[in-house]
Structures are given as structure tokens and as C-alpha cells.
>>> print(open('entry-v4.pdb').read())   # PDB, C-alpha atoms and all ligand atoms
ATOM      1  CA  MET A   1     172.564  24.295 166.206
ATOM      2  CA  ASN A   2     171.106  27.801 165.852
ATOM      3  CA  LYS A   3     171.260  29.864 162.677
ATOM      4  CA  THR A   4     173.855  32.345 163.937
ATOM      5  CA  ALA A   5     176.247  29.581 164.995
ATOM      6  CA  LYS A   6     175.846  27.931 161.585
ATOM      7  CA  GLU A   7     176.554  31.236 159.850
ATOM      8  CA  ASN A   8     179.623  31.844 161.995
ATOM      9  CA  HIS A   9     180.933  28.407 161.178
ATOM     10  CA  LYS A  10     180.356  28.968 157.491
ATOM     11  CA  ASN A  11     182.287  32.249 157.669
ATOM     12  CA  ILE A  12     185.167  30.506 159.388
ATOM     13  CA  VAL A  13     185.229  27.837 156.647
ATOM     14  CA  LYS A  14     185.161  30.365 153.820
ATOM     15  CA  LEU A  15     187.788  32.646 155.371
ATOM     16  CA  SER A  16     190.013  29.657 155.941
ATOM     17  CA  ALA A  17     189.687  28.634 152.262
ATOM     18  CA  GLN A  18     190.678  32.158 151.269
ATOM     19  CA  LYS A  19     193.630  32.133 153.630
ATOM     20  CA  PHE A  20     195.039  28.985 152.026
ATOM     21  CA  GLY A  21     194.682  30.435 148.554
ATOM     22  CA  PHE A  22     191.661  28.578 147.168
ATOM     23  CA  ASP A  23     189.749  30.403 144.454
ATOM     24  CA  PHE A  24     186.314  29.307 145.626
ATOM     25  CA  CYS A  25     184.756  27.472 148.533
ATOM     26  CA  GLY A  26     181.163  26.205 148.589
ATOM     27  CA  ILE A  27     179.097  23.969 150.825
ATOM     28  CA  SER A  28     176.762  21.060 150.010
ATOM     29  CA  LYS A  29     174.761  18.835 152.291
ATOM     30  CA  ALA A  30     176.373  15.380 152.555
ATOM     31  CA  ASP A  31     173.567  13.408 151.014
ATOM     32  CA  PHE A  32     172.872  10.731 148.413
ATOM     33  CA  LEU A  33     173.593  12.056 144.889
ATOM     34  CA  GLU A  34     170.141  11.300 143.573
ATOM     35  CA  GLU A  35     170.420  13.115 140.243
ATOM     36  CA  GLU A  36     173.834  11.614 139.439
ATOM     37  CA  ALA A  37     173.021   7.978 140.317
ATOM     38  CA  PRO A  38     171.151   7.088 137.087
ATOM     39  CA  LEU A  39     173.637   9.111 135.007
ATOM     40  CA  LEU A  40     176.582   7.205 136.453
ATOM     41  CA  GLU A  41     174.817   3.891 135.955
ATOM     42  CA  ASN A  42     174.003   4.728 132.353
ATOM     43  CA  TRP A  43     177.584   5.909 131.682
ATOM     44  CA  LEU A  44     179.003   2.679 133.087
ATOM     45  CA  ASN A  45     176.488   0.566 131.147
ATOM     46  CA  LYS A  46     177.698   2.172 127.930
ATOM     47  CA  ASN A  47     181.282   1.201 128.908
ATOM     48  CA  TYR A  48     182.302   4.837 128.642
ATOM     49  CA  ASN A  49     184.761   4.148 131.459
ATOM     50  CA  GLY A  50     186.861   2.052 129.023
ATOM     51  CA  LYS A  51     189.391  -0.024 130.953
ATOM     52  CA  MET A  52     189.004   2.139 134.048
ATOM     53  CA  ALA A  53     187.297  -0.695 135.915
ATOM     54  CA  TYR A  54     187.848   1.151 139.204
ATOM     55  CA  MET A  55     185.163   3.627 138.135
ATOM     56  CA  ALA A  56     182.570   0.922 138.643
ATOM     57  CA  ASN A  57     183.896   0.023 142.103
ATOM     58  CA  HIS A  58     182.424   1.416 145.286
ATOM     59  CA  PHE A  59     179.267   2.490 143.458
ATOM     60  CA  ASP A  60     177.447   3.182 146.756
ATOM     61  CA  LYS A  61     180.316   5.105 148.303
ATOM     62  CA  ARG A  62     180.700   7.150 145.151
ATOM     63  CA  LEU A  63     177.121   8.315 145.442
ATOM     64  CA  ASP A  64     176.887   8.814 149.183
ATOM     65  CA  PRO A  65     179.620  10.595 151.164
ATOM     66  CA  ARG A  66     178.124   9.321 154.437
ATOM     67  CA  LYS A  67     179.365   5.886 153.387
ATOM     68  CA  LEU A  68     182.891   7.277 153.105
ATOM     69  CA  VAL A  69     182.946   9.387 156.251
ATOM     70  CA  GLU A  70     180.798   8.244 159.134
ATOM     71  CA  GLY A  71     178.393  10.868 160.385
ATOM     72  CA  ALA A  72     179.196  13.244 157.499
ATOM     73  CA  LYS A  73     176.948  16.302 157.356
ATOM     74  CA  SER A  74     178.686  18.576 154.856
ATOM     75  CA  VAL A  75     180.851  18.460 151.779
ATOM     76  CA  ILE A  76     183.093  21.529 151.590
ATOM     77  CA  THR A  77     184.310  21.961 148.006
ATOM     78  CA  VAL A  78     187.293  24.093 147.096
ATOM     79  CA  ILE A  79     188.846  24.903 143.743
ATOM     80  CA  LEU A  80     192.364  25.966 142.826
ATOM     81  CA  ASN A  81     193.165  27.727 139.565
ATOM     82  CA  TYR A  82     196.052  26.293 137.512
ATOM     83  CA  PHE A  83     195.741  28.367 134.345
ATOM     84  CA  PRO A  84     199.363  29.214 133.431
ATOM     85  CA  GLU A  85     200.746  32.595 132.440
ATOM     86  CA  GLU A  86     203.376  30.980 130.207
ATOM     87  CA  ARG A  87     202.338  28.150 127.896
ATOM     88  CA  LEU A  88     204.341  25.447 126.182
ATOM     89  CA  PRO A  89     204.422  25.794 122.373
ATOM     90  CA  GLU A  90     201.117  24.687 120.885
ATOM     91  CA  GLY A  91     201.851  24.674 117.157
ATOM     92  CA  GLU A  92     200.570  21.901 114.927
ATOM     93  CA  ASN A  93     203.853  20.000 115.117
ATOM     94  CA  ASP A  94     204.622  20.587 118.774
ATOM     95  CA  ILE A  95     204.222  17.722 121.205
ATOM     96  CA  LYS A  96     201.604  18.837 123.734
ATOM     97  CA  ILE A  97     201.121  18.299 127.436
ATOM     98  CA  SER A  98     197.977  19.228 129.305
ATOM     99  CA  LYS A  99     198.332  22.415 131.328
ATOM    100  CA  TYR A 100     197.411  20.713 134.577
ATOM    101  CA  ALA A 101     200.644  18.699 134.291
ATOM    102  CA  TYR A 102     203.061  21.610 133.769
ATOM    103  CA  GLY A 103     204.355  21.681 137.329
ATOM    104  CA  THR A 104     204.315  19.713 140.583
ATOM    105  CA  ASP A 105     201.580  17.128 140.993
ATOM    106  CA  TYR A 106     198.464  18.932 142.251
ATOM    107  CA  HIS A 107     197.631  16.056 144.596
ATOM    108  CA  PHE A 108     200.544  17.081 146.836
ATOM    109  CA  ILE A 109     199.763  20.789 146.737
ATOM    110  CA  MET A 110     195.989  20.495 147.174
ATOM    111  CA  LYS A 111     196.235  17.913 149.927
ATOM    112  CA  GLU A 112     198.653  20.007 151.971
ATOM    113  CA  LYS A 113     196.476  23.087 151.587
ATOM    114  CA  LEU A 114     193.286  21.187 152.414
ATOM    115  CA  LYS A 115     194.840  19.573 155.477
ATOM    116  CA  SER A 116     195.984  22.978 156.745
ATOM    117  CA  MET A 117     192.551  24.428 156.053
ATOM    118  CA  PHE A 118     190.831  21.607 157.925
ATOM    119  CA  ALA A 119     193.241  21.949 160.873
ATOM    120  CA  GLU A 120     192.452  25.664 161.032
ATOM    121  CA  ILE A 121     188.695  25.020 161.004
ATOM    122  CA  GLN A 122     189.101  22.425 163.749
ATOM    123  CA  ALA A 123     191.213  24.842 165.790
ATOM    124  CA  GLN A 124     188.570  27.549 165.501
ATOM    125  CA  ILE A 125     185.377  25.534 165.831
ATOM    126  CA  GLY A 126     186.375  22.572 167.947
ATOM    127  CA  ASP A 127     185.812  18.868 167.732
ATOM    128  CA  ILE A 128     185.058  18.049 164.065
ATOM    129  CA  GLU A 129     185.656  14.709 162.387
ATOM    130  CA  GLY A 130     186.300  14.474 158.682
ATOM    131  CA  ARG A 131     188.632  13.669 155.816
ATOM    132  CA  VAL A 132     190.162  15.581 152.946
ATOM    133  CA  PHE A 133     189.965  14.303 149.382
ATOM    134  CA  VAL A 134     191.827  15.167 146.206
ATOM    135  CA  ASP A 135     190.968  12.794 143.432
ATOM    136  CA  SER A 136     192.055   9.982 145.718
ATOM    137  CA  ALA A 137     188.932   8.135 146.736
ATOM    138  CA  PRO A 138     185.539   7.465 145.196
ATOM    139  CA  VAL A 139     184.322  11.053 145.457
ATOM    140  CA  MET A 140     182.416  12.565 142.547
ATOM    141  CA  ASP A 141     184.329  15.836 142.434
ATOM    142  CA  LYS A 142     182.395  17.410 139.616
ATOM    143  CA  ALA A 143     179.006  16.589 141.105
ATOM    144  CA  TRP A 144     179.976  18.204 144.414
ATOM    145  CA  ALA A 145     181.573  21.195 142.693
ATOM    146  CA  LYS A 146     178.345  21.724 140.755
ATOM    147  CA  LYS A 147     176.164  21.357 143.865
ATOM    148  CA  SER A 148     178.331  23.784 145.837
ATOM    149  CA  GLY A 149     177.992  26.530 143.239
ATOM    150  CA  ALA A 150     181.639  26.394 142.081
ATOM    151  CA  GLY A 151     180.282  26.458 138.539
ATOM    152  CA  TRP A 152     177.956  24.723 136.142
ATOM    153  CA  MET A 153     178.762  21.543 134.274
ATOM    154  CA  GLY A 154     179.645  22.484 130.704
ATOM    155  CA  LYS A 155     178.733  20.406 127.671
ATOM    156  CA  ASN A 156     182.299  19.032 127.782
ATOM    157  CA  THR A 157     181.481  17.863 131.366
ATOM    158  CA  ASN A 158     184.040  20.177 132.929
ATOM    159  CA  ILE A 159     182.879  22.479 135.697
ATOM    160  CA  ILE A 160     183.014  26.104 134.581
ATOM    161  CA  ASN A 161     183.397  28.955 137.009
ATOM    162  CA  ARG A 162     182.190  32.320 135.696
ATOM    163  CA  LYS A 163     185.272  34.154 136.983
ATOM    164  CA  ILE A 164     188.110  31.753 136.233
ATOM    165  CA  GLY A 165     186.860  29.312 133.582
ATOM    166  CA  SER A 166     187.502  25.576 133.893
ATOM    167  CA  PHE A 167     191.262  25.195 134.399
ATOM    168  CA  PHE A 168     191.139  24.406 138.108
ATOM    169  CA  PHE A 169     191.565  21.501 140.492
ATOM    170  CA  ILE A 170     188.803  20.365 142.820
ATOM    171  CA  GLY A 171     189.137  19.099 146.378
ATOM    172  CA  GLU A 172     186.802  18.363 149.268
ATOM    173  CA  ILE A 173     186.599  18.202 153.026
ATOM    174  CA  ILE A 174     183.844  15.803 154.025
ATOM    175  CA  CYS A 175     183.052  16.323 157.685
ATOM    176  CA  ASP A 176     180.454  16.086 160.421
ATOM    177  CA  LEU A 177     180.080  19.859 160.806
ATOM    178  CA  GLU A 178     176.583  21.018 159.912
ATOM    179  CA  LEU A 179     176.700  23.986 157.547
ATOM    180  CA  GLU A 180     174.155  25.867 155.457
ATOM    181  CA  PRO A 181     174.449  24.617 151.828
ATOM    182  CA  ASP A 182     175.231  27.127 149.063
ATOM    183  CA  GLY A 183     173.359  25.596 146.158
ATOM    184  CA  PRO A 184     174.103  25.319 142.440
ATOM    185  CA  ILE A 185     174.234  28.094 139.829
ATOM    186  CA  LYS A 186     172.639  28.169 136.380
ATOM    187  CA  ASP A 187     174.106  26.741 133.175
ATOM    188  CA  TYR A 188     175.691  29.396 130.948
ATOM    189  CA  CYS A 189     176.590  27.199 127.949
ATOM    190  CA  GLY A 190     173.580  28.457 126.015
ATOM    191  CA  THR A 191     173.605  27.469 122.345
ATOM    192  CA  CYS A 192     177.401  27.088 122.189
ATOM    193  CA  THR A 193     178.742  23.753 120.928
ATOM    194  CA  ALA A 194     182.413  24.753 120.456
ATOM    195  CA  CYS A 195     183.747  21.904 122.611
ATOM    196  CA  ILE A 196     181.659  19.227 120.894
ATOM    197  CA  ASP A 197     182.706  20.500 117.462
ATOM    198  CA  ALA A 198     186.404  20.686 118.380
ATOM    199  CA  CYS A 199     186.915  17.270 119.987
ATOM    200  CA  PRO A 200     189.133  15.393 117.509
ATOM    201  CA  THR A 201     188.099  11.894 118.624
ATOM    202  CA  ASP A 202     184.346  12.583 118.932
ATOM    203  CA  ALA A 203     184.590  11.699 122.593
ATOM    204  CA  ILE A 204     181.890  14.245 123.485
ATOM    205  CA  THR A 205     178.997  12.097 122.327
ATOM    206  CA  GLY A 206     176.460  14.840 123.011
ATOM    207  CA  PRO A 207     175.942  17.705 125.414
ATOM    208  CA  TYR A 208     177.066  16.756 128.930
ATOM    209  CA  GLU A 209     178.257  13.268 127.985
ATOM    210  CA  VAL A 210     181.828  12.126 127.338
ATOM    211  CA  ASP A 211     182.794   8.649 126.222
ATOM    212  CA  GLY A 212     185.866   8.348 128.431
ATOM    213  CA  SER A 213     187.221   5.474 126.351
ATOM    214  CA  LYS A 214     187.636   7.815 123.354
ATOM    215  CA  CYS A 215     189.045  10.778 125.232
ATOM    216  CA  ILE A 216     192.729  11.579 124.592
ATOM    217  CA  SER A 217     193.255  12.083 128.327
ATOM    218  CA  TYR A 218     192.212   8.486 128.911
ATOM    219  CA  LEU A 219     194.162   7.153 125.916
ATOM    220  CA  THR A 220     197.395   8.876 126.942
ATOM    221  CA  ILE A 221     197.165   8.551 130.738
ATOM    222  CA  GLU A 222     194.746   5.909 131.990
ATOM    223  CA  LEU A 223     195.003   3.266 129.274
ATOM    224  CA  LYS A 224     197.761   0.798 130.049
ATOM    225  CA  GLU A 225     197.639  -1.105 126.751
ATOM    226  CA  ALA A 226     198.429  -0.059 123.183
ATOM    227  CA  ILE A 227     196.437   2.928 121.912
ATOM    228  CA  PRO A 228     193.898   1.558 119.371
ATOM    229  CA  ALA A 229     194.856   2.211 115.734
ATOM    230  CA  GLU A 230     191.525   3.992 115.064
ATOM    231  CA  PHE A 231     192.958   7.043 116.875
ATOM    232  CA  LYS A 232     195.969   7.406 114.572
ATOM    233  CA  GLY A 233     196.155  10.915 113.155
ATOM    234  CA  LYS A 234     193.410  12.119 115.504
ATOM    235  CA  MET A 235     195.401  12.885 118.617
ATOM    236  CA  GLY A 236     196.566  16.372 117.615
ATOM    237  CA  ASN A 237     200.063  15.630 119.025
ATOM    238  CA  TRP A 238     198.837  15.410 122.616
ATOM    239  CA  ALA A 239     201.283  13.181 124.527
ATOM    240  CA  PHE A 240     199.797  13.580 128.005
ATOM    241  CA  GLY A 241     196.194  14.664 128.477
ATOM    242  CA  CYS A 242     194.282  17.001 126.176
ATOM    243  CA  ASP A 243     193.026  20.567 126.657
ATOM    244  CA  ILE A 244     191.217  21.085 123.363
ATOM    245  CA  CYS A 245     187.633  21.194 124.681
ATOM    246  CA  GLN A 246     188.708  23.618 127.396
ATOM    247  CA  ASP A 247     190.911  25.780 125.177
ATOM    248  CA  VAL A 248     188.012  26.441 122.796
ATOM    249  CA  CYS A 249     185.540  27.227 125.573
ATOM    250  CA  PRO A 250     184.708  30.944 125.483
ATOM    251  CA  TRP A 251     184.532  31.022 129.274
ATOM    252  CA  ASN A 252     188.248  30.273 129.432
ATOM    253  CA  SER A 253     189.009  33.546 127.688
ATOM    254  CA  PHE A 254     188.369  35.069 131.155
ATOM    255  CA  ALA A 255     190.955  32.788 132.788
ATOM    256  CA  LYS A 256     193.617  34.590 134.813
ATOM    257  CA  PRO A 257     197.032  33.092 135.577
ATOM    258  CA  HIS A 258     197.570  31.265 138.839
ATOM    259  CA  ASN A 259     200.200  32.517 141.281
ATOM    260  CA  ILE A 260     201.458  29.169 142.548
ATOM    261  CA  THR A 261     205.173  28.676 142.026
ATOM    262  CA  ASP A 262     204.821  24.881 142.240
ATOM    263  CA  PHE A 263     202.582  24.891 139.162
ATOM    264  CA  GLU A 264     205.143  26.657 136.977
ATOM    265  CA  ILE A 265     206.493  24.753 133.980
ATOM    266  CA  ASN A 266     208.944  21.998 134.862
ATOM    267  CA  PRO A 267     212.107  22.873 132.844
ATOM    268  CA  ALA A 268     212.210  19.280 131.519
ATOM    269  CA  LEU A 269     208.995  20.012 129.584
ATOM    270  CA  GLN A 270     210.718  22.812 127.670
ATOM    271  CA  LYS A 271     212.736  20.137 125.860
ATOM    272  CA  LEU A 272     209.977  17.769 124.823
ATOM    273  CA  GLY A 273     211.579  17.463 121.398
ATOM    274  CA  ASP A 274     214.454  15.540 123.018
ATOM    275  CA  TRP A 275     212.223  13.128 124.856
ATOM    276  CA  GLU A 276     212.580  10.377 122.300
ATOM    277  CA  GLU A 277     216.064   9.881 123.668
ATOM    278  CA  ILE A 278     215.083  10.070 127.324
ATOM    279  CA  THR A 279     216.165   7.163 129.551
ATOM    280  CA  GLU A 280     214.030   5.744 132.328
ATOM    281  CA  GLU A 281     216.478   7.031 134.899
ATOM    282  CA  ILE A 282     216.276  10.606 133.635
ATOM    283  CA  PHE A 283     212.493  10.373 133.231
ATOM    284  CA  ASN A 284     212.123   9.352 136.880
ATOM    285  CA  LYS A 285     214.561  12.003 138.023
ATOM    286  CA  VAL A 286     213.290  15.044 136.174
ATOM    287  CA  LEU A 287     209.629  14.159 136.654
ATOM    288  CA  LYS A 288     209.890  12.983 140.250
ATOM    289  CA  LEU A 289     207.092  15.258 141.470
ATOM    290  CA  SER A 290     205.226  15.595 138.172
ATOM    291  CA  PRO A 291     201.746  14.185 137.413
ATOM    292  CA  ILE A 292     203.283  12.824 134.197
ATOM    293  CA  LYS A 293     204.837  10.038 136.268
ATOM    294  CA  ARG A 294     201.375   8.473 136.333
ATOM    295  CA  THR A 295     201.923   6.998 132.869
ATOM    296  CA  LYS A 296     205.332   5.675 133.909
ATOM    297  CA  TYR A 297     208.238   5.666 131.487
ATOM    298  CA  GLU A 298     206.703   2.970 129.256
ATOM    299  CA  GLY A 299     203.477   4.959 128.959
ATOM    300  CA  ILE A 300     205.094   8.176 127.798
ATOM    301  CA  LYS A 301     207.322   6.245 125.356
ATOM    302  CA  ARG A 302     204.219   4.527 123.970
ATOM    303  CA  ASN A 303     202.482   7.896 123.526
ATOM    304  CA  PHE A 304     205.461   9.422 121.736
ATOM    305  CA  SER A 305     205.848   6.526 119.351
ATOM    306  CA  PHE A 306     202.088   6.439 118.658
ATOM    307  CA  LEU A 307     202.128  10.128 117.729
ATOM    308  CA  LYS A 308     205.109   9.549 115.427
ATOM    309  CA  SER A 309     203.749   6.438 113.719
TER     310      SER A 309
HETATM  311  S1  LIG B   1     189.860  16.273 126.494
HETATM  312 FE1  LIG B   1     190.228  16.218 124.259
HETATM  313  S2  LIG B   1     189.636  14.175 123.615
HETATM  314 FE2  LIG B   1     188.790  14.473 125.675
HETATM  315  S3  LIG B   1     186.714  15.213 125.322
HETATM  316 FE3  LIG B   1     188.012  17.037 125.481
HETATM  317  S4  LIG B   1     188.648  17.510 123.370
HETATM  318 FE4  LIG B   1     187.829  15.433 123.385
HETATM  319  S1  LIG B   2     182.672  25.305 124.753
HETATM  320 FE1  LIG B   2     180.588  26.137 124.831
HETATM  321  S2  LIG B   2     179.258  24.333 125.092
HETATM  322 FE2  LIG B   2     181.350  23.700 125.582
HETATM  323  S3  LIG B   2     181.497  23.927 127.775
HETATM  324 FE3  LIG B   2     182.240  25.839 126.901
HETATM  325  S4  LIG B   2     180.427  27.191 126.802
HETATM  326 FE4  LIG B   2     179.693  25.105 127.153
END
>>> encode(input="entry-v4.pdb", output="C-alpha cells")
Amino acid sequence: MNKTAKENHKNIVKLSAQKFGFDFCGISKADFLEEEAPLLENWLNKNYNGKMAYMANHFDKRLDPRKLVEGAKSVITVILNYFPEERLPEGENDIKISKYAYGTDYHFIMKEKLKSMFAEIQAQIGDIEGRVFVDSAPVMDKAWAKKSGAGWMGKNTNIINRKIGSFFFIGEIICDLELEPDGPIKDYCGTCTACIDACPTDAITGPYEVDGSKCISYLTIELKEAIPAEFKGKMGNWAFGCDICQDVCPWNSFAKPHNITDFEINPALQKLGDWEEITEEIFNKVLKLSPIKRTKYEGIKRNFSFLKS
């Protein structure tokens, strides 16, 4: 394919991302993730995945998108800002919920948008094969976001975009369309260590490394068993997820509110104080489309009673 055709195709991809409301779109070559392979291996060897055994599955597919999508040539990464204008109370005694879970589950929203974007690209360019991904298959979102220039990986291991900070979702289209890669950007963390200093469970074991098994997000969402007693008094009243290492990041002071109605606060979250009394039926009803359903009723009850104990 000649250079002009490649450039045209790239323009079509980027305009389509804009049209569907994504805050950034960047391209990477679909290739083996050479730099990440030893890091992932090391992280798994240290058992930093806790009980998330699935993280060790599909090791090869995780590192090579061509093993997920036959004939893949490009990974198109998009990001979608979810920083809210209105925040739930965040006082010392308030029960806290991570901002990403305020509204409708992002999987639904991102997937719909990505599917529409891919359909538009196919309609404009022609016969392209590919798949869209939102946190749903062994795709290393952060690695691709970093490669595509969406941002750099901060010391808290979140990707940070210079314009919008780190409160965004990541999705990909992996396809057989050949596109010119965008390339990564530099690291702007500098000498800052605010996230490492603020993490209440010492889950950030050093710059760019998080022990997932100590992270409040894992303890409140992924862990299916009892939360270990060593974390008593250290959870800062977070009942679902944790935003501390992002809230303290100076780059998030540039964050601007999203404009997606579906991400607005679910009214049921305004009454978290009453949740101790919540029945399973009401939980399932009011949180039908919420990411909080991931913990199931038992999970959220466990988190509430752990915070109270
Ligand atoms: S999300 Fe919370 S617990 Fe996890 S690394 Fe960040 S500050 Fe620590
Ligand atoms: S808080 Fe500081 S060190 Fe941590 S990710 Fe943000 S800029 Fe980097």
C-alpha cells in the first residue's frame, strides 16, 4: 500500500474516533509486546495477580495480538474520559465508590461506540477484518495505550494523558488494516512520588509496579473470598474500587468533566448510607447496568461489613 493511501486510511480512522466521541485515538503496529513480556512474567512470578488466576492464562495471546486476531496488522487504541463534574461525598467517614463506577457500565458504552466506529471505517475503506475489545479478552490495554501515544505510564501504572489526566477508559480495534503507527510519548512523572506516598495499603511497591493483591480495587472487586484482616483500617472507606493514587496525581488537576449522560451518577449511589439495609432484589434492580454488579450482592455486603468492623 502506498504512503498516501495509508495516510488517508489513518485520517479516516481518526475522524471516525472523533465522530463517536473518543478523546484520543492512536495507532500501534500489531506486534509481539517485547518490552512487556519480561515485566508480565516477573509480575506473575511475584504473585502480584493475587487470586486473579486468569491473568496468567493466555500468556501468548496477551503478548501478541496476531494470536487473537488472525492477520492483524494494527491496534487502534481509543480512550474515553469519565472524569465526573459532580462527585459523591468524599469525607473521611463517607463510603466511597470509584468514579469509573458512578454510572452505566463502561463495557456497554465503549463497545457500542467501538462497534459503530469500526463499521464506519469498514464502510469507508472496504473489506477489513478485525475485532473490538473493551477489557474483555487478554489484551494488554495499558501497553497498547502507551505504545499508541495516548499517554505515558505513571508510577501508579495508570496511563496519563497530558490533556485529560488518567480518568479514562481504554478500548481497541485490532484489525488487518495496515496503518502508520503513532509511537509513544515521554514520561512526565519526573521526581513526583505522590501516588506511591498516598497509597494506604502500600500496593505501589515502587515506581511503575503495583502489587495487585494489595490494591483496594482488587480487594473490593476481584477478590471473591474474605478480605484479609491485615487491611483493616487501611481501606479509607472505599467500598468499590479506589481512586486515591489518581486523585493525588497532579496531572488529574487538568481533568475536565465528561459529557456522557450514561456516566452520570446512578441515583442509588446518592444513598450509600442506607446500603446496609439493601436487599439482593433491590441491589440487582437499582444496579442492573452498573459496574458494581461485578461484585454481586454478597461482595458489596462483605465490603460494607469489612469497612464497619
Ligand atoms: S488504587 Fe488505591 S490501593 Fe490501589 S494502588 Fe492506587 S492508591 Fe493503592
Ligand atoms: S502522582 Fe506523580 S508519580 Fe504518580 S503517576 Fe502522577 S505524576 Fe506520576
>>> resolve_selection(input="entry-v4.pdb", expression="the PyMOL selection byres (((chain A and resi 99) around 8) and not hetatm)", output="list of chain:residue names")
A:Tyr82, A:Phe83, A:Pro84, A:Arg87, A:Ile97, A:Ser98, A:Tyr100, A:Ala101, A:Tyr102, A:Asp243
>>> write_last_selection(input="entry-v4.pdb", atoms="C-alpha atoms", output="compact mmCIF listing (two decimals), keeping the file's coordinate frame")
# COMPACT_ATOMS: atom_id res chain seq x y z
CA TYR A 82 196.05 26.29 137.51
CA PHE A 83 195.74 28.37 134.34
CA PRO A 84 199.36 29.21 133.43
CA ARG A 87 202.34 28.15 127.90
CA ILE A 97 201.12 18.30 127.44
CA SER A 98 197.98 19.23 129.30
CA TYR A 100 197.41 20.71 134.58
CA ALA A 101 200.64 18.70 134.29
CA TYR A 102 203.06 21.61 133.77
CA ASP A 243 193.03 20.57 126.66
>>> atom_distance(input="entry-v4.pdb", atom1="CA of Lys308 in chain A", atom2="CA of Ala229 in chain A")
12.6 Å
>>> residues_around(input="entry-v4.pdb", residues="Phe304 in chain A", least_positions_apart="4", cutoff="8 Å", atoms="all atoms listed in the file", output="PyMOL selection string")
chain A and resi 239+276+300+308
>>> residues_near_ligand(input="entry-v4.pdb", ligand="ligand LIG 2 (chain B)", cutoff="8 Å", atoms="all atoms listed in the file", output="ChimeraX atom specification")
/A:153-158,160,188-196,207,245-246,248-252
>>> residues_near_ligand(input="entry-v4.pdb", ligand="ligand LIG 1 (chain B)", cutoff="8 Å", atoms="only C-alpha atoms and all ligand atoms", output="list in words")
Asn156, Cys195, Ile196, Ala198, Cys199, Pro200, Thr201, Asp202, Ala203, Ile204, Val210, Asp211, Gly212, Lys214, Cys215, Ile216, Ser217, Tyr218, Met235, Gly241, Cys242, Asp243, Ile244, Cys245 and Gln246 of chain A
>>> resolve_selection(input="entry-v4.pdb", expression="the PyMOL selection byres (((chain A and resi 125-131) around 12) and not hetatm)", output="NGL selection string")
:A and (5-6 or 8-13 or 16 or 30 or 65-66 or 68-76 or 111 or 114-124 or 132-134 or 136-137 or 139 or 171-178)
>>> closest_residue(input="entry-v4.pdb", among="A:Asn303, A:Glu298, A:Arg62, A:Asn57", to="Lys232 in chain A", atoms="all atoms listed in the file")
A:Asn303
>>> closest_residue(input="entry-v4.pdb", among="A:Lys285, A:Lys19, A:Arg162, A:Lys224", to="Gly50 in chain A", atoms="all atoms listed in the file")
A:Lys224
>>> atom_distance(input="entry-v4.pdb", atom1="CA of Asn284 in chain A", atom2="CA of Gly233 in chain A")
28.6 Å
>>> atom_distance(input="entry-v4.pdb", atom1="CA of Arg302 in chain A", atom2="CA of Glu280 in chain A")
12.9 Å
>>> residues_near_point(input="entry-v4.pdb", point="(189.5, 26.2, 135.9)", cutoff="8 Å", atoms="only C-alpha atoms", output="ChimeraX atom specification")
/A:79-83,159-161,164-169,252,255
>>> closest_residue(input="entry-v4.pdb", among="A:Ile185, A:Leu223, A:Ile260, A:Leu307", to="Gly21 in chain A", atoms="all atoms listed in the file")
A:Ile260
>>> resolve_selection(input="entry-v4.pdb", expression="the PyMOL selection byres (((chain A and resi 289-296) around 7) and not hetatm)", output="number ranges by chain")
A: 101, 103-105, 221, 287-288, 297-300
>>> closest_residue(input="entry-v4.pdb", among="A:Lys3, A:His107, A:Lys51, A:Lys301", to="Asp135 in chain A", atoms="only C-alpha atoms")
A:His107
>>> closest_residue(input="entry-v4.pdb", among="A:Val286, A:Met1, A:Ala150, A:Ile27", to="Ala268 in chain A", atoms="only C-alpha atoms")
A:Val286
>>> residues_around(input="entry-v4.pdb", residues="Lys186 in chain A", least_positions_apart="4", cutoff="9 Å", atoms="only C-alpha atoms", output="ChimeraX atom specification")
/A:149,151-152
>>> residues_around(input="entry-v4.pdb", residues="Gly273 in chain A", least_positions_apart="6", cutoff="12 Å", atoms="only C-alpha atoms", output="tab-separated table (two decimals) with C-alpha atoms, in the coordinates of the input")
chain	number	residue	atom	x	y	z
A	88	LEU	CA	204.34	25.45	126.18
A	89	PRO	CA	204.42	25.79	122.37
A	93	ASN	CA	203.85	20.00	115.12
A	94	ASP	CA	204.62	20.59	118.77
A	95	ILE	CA	204.22	17.72	121.20
A	96	LYS	CA	201.60	18.84	123.73
A	237	ASN	CA	200.06	15.63	119.02
A	239	ALA	CA	201.28	13.18	124.53
A	304	PHE	CA	205.46	9.42	121.74
A	308	LYS	CA	205.11	9.55	115.43
>>> closest_residue(input="entry-v4.pdb", among="A:Asp64, A:Phe254, A:Phe20, A:Asp274", to="Glu34 in chain A", atoms="all atoms listed in the file")
A:Asp64
>>> residues_around(input="entry-v4.pdb", residues="Leu40 in chain A", least_positions_apart="6", cutoff="12 Å", atoms="all atoms listed in the file", output="PDB file with C-alpha atoms, in the frame of the given file")
ATOM      1  CA  LEU A  33     173.593  12.056 144.889  1.00  0.00           C
ATOM      2  CA  GLU A  34     170.141  11.300 143.573  1.00  0.00           C
ATOM      3  CA  LYS A  46     177.698   2.172 127.930  1.00  0.00           C
ATOM      4  CA  ASN A  47     181.282   1.201 128.908  1.00  0.00           C
ATOM      5  CA  TYR A  48     182.302   4.837 128.642  1.00  0.00           C
ATOM      6  CA  ASN A  49     184.761   4.148 131.459  1.00  0.00           C
ATOM      7  CA  MET A  55     185.163   3.627 138.135  1.00  0.00           C
ATOM      8  CA  ALA A  56     182.570   0.922 138.643  1.00  0.00           C
ATOM      9  CA  ASN A  57     183.896   0.023 142.103  1.00  0.00           C
ATOM     10  CA  PHE A  59     179.267   2.490 143.458  1.00  0.00           C
ATOM     11  CA  ASP A  60     177.447   3.182 146.756  1.00  0.00           C
ATOM     12  CA  ARG A  62     180.700   7.150 145.151  1.00  0.00           C
ATOM     13  CA  LEU A  63     177.121   8.315 145.442  1.00  0.00           C
ATOM     14  CA  MET A 140     182.416  12.565 142.547  1.00  0.00           C
ATOM     15  CA  ALA A 143     179.006  16.589 141.105  1.00  0.00           C
ATOM     16  CA  GLU A 209     178.257  13.268 127.985  1.00  0.00           C
ATOM     17  CA  VAL A 210     181.828  12.126 127.338  1.00  0.00           C
TER      18      VAL A 210
END
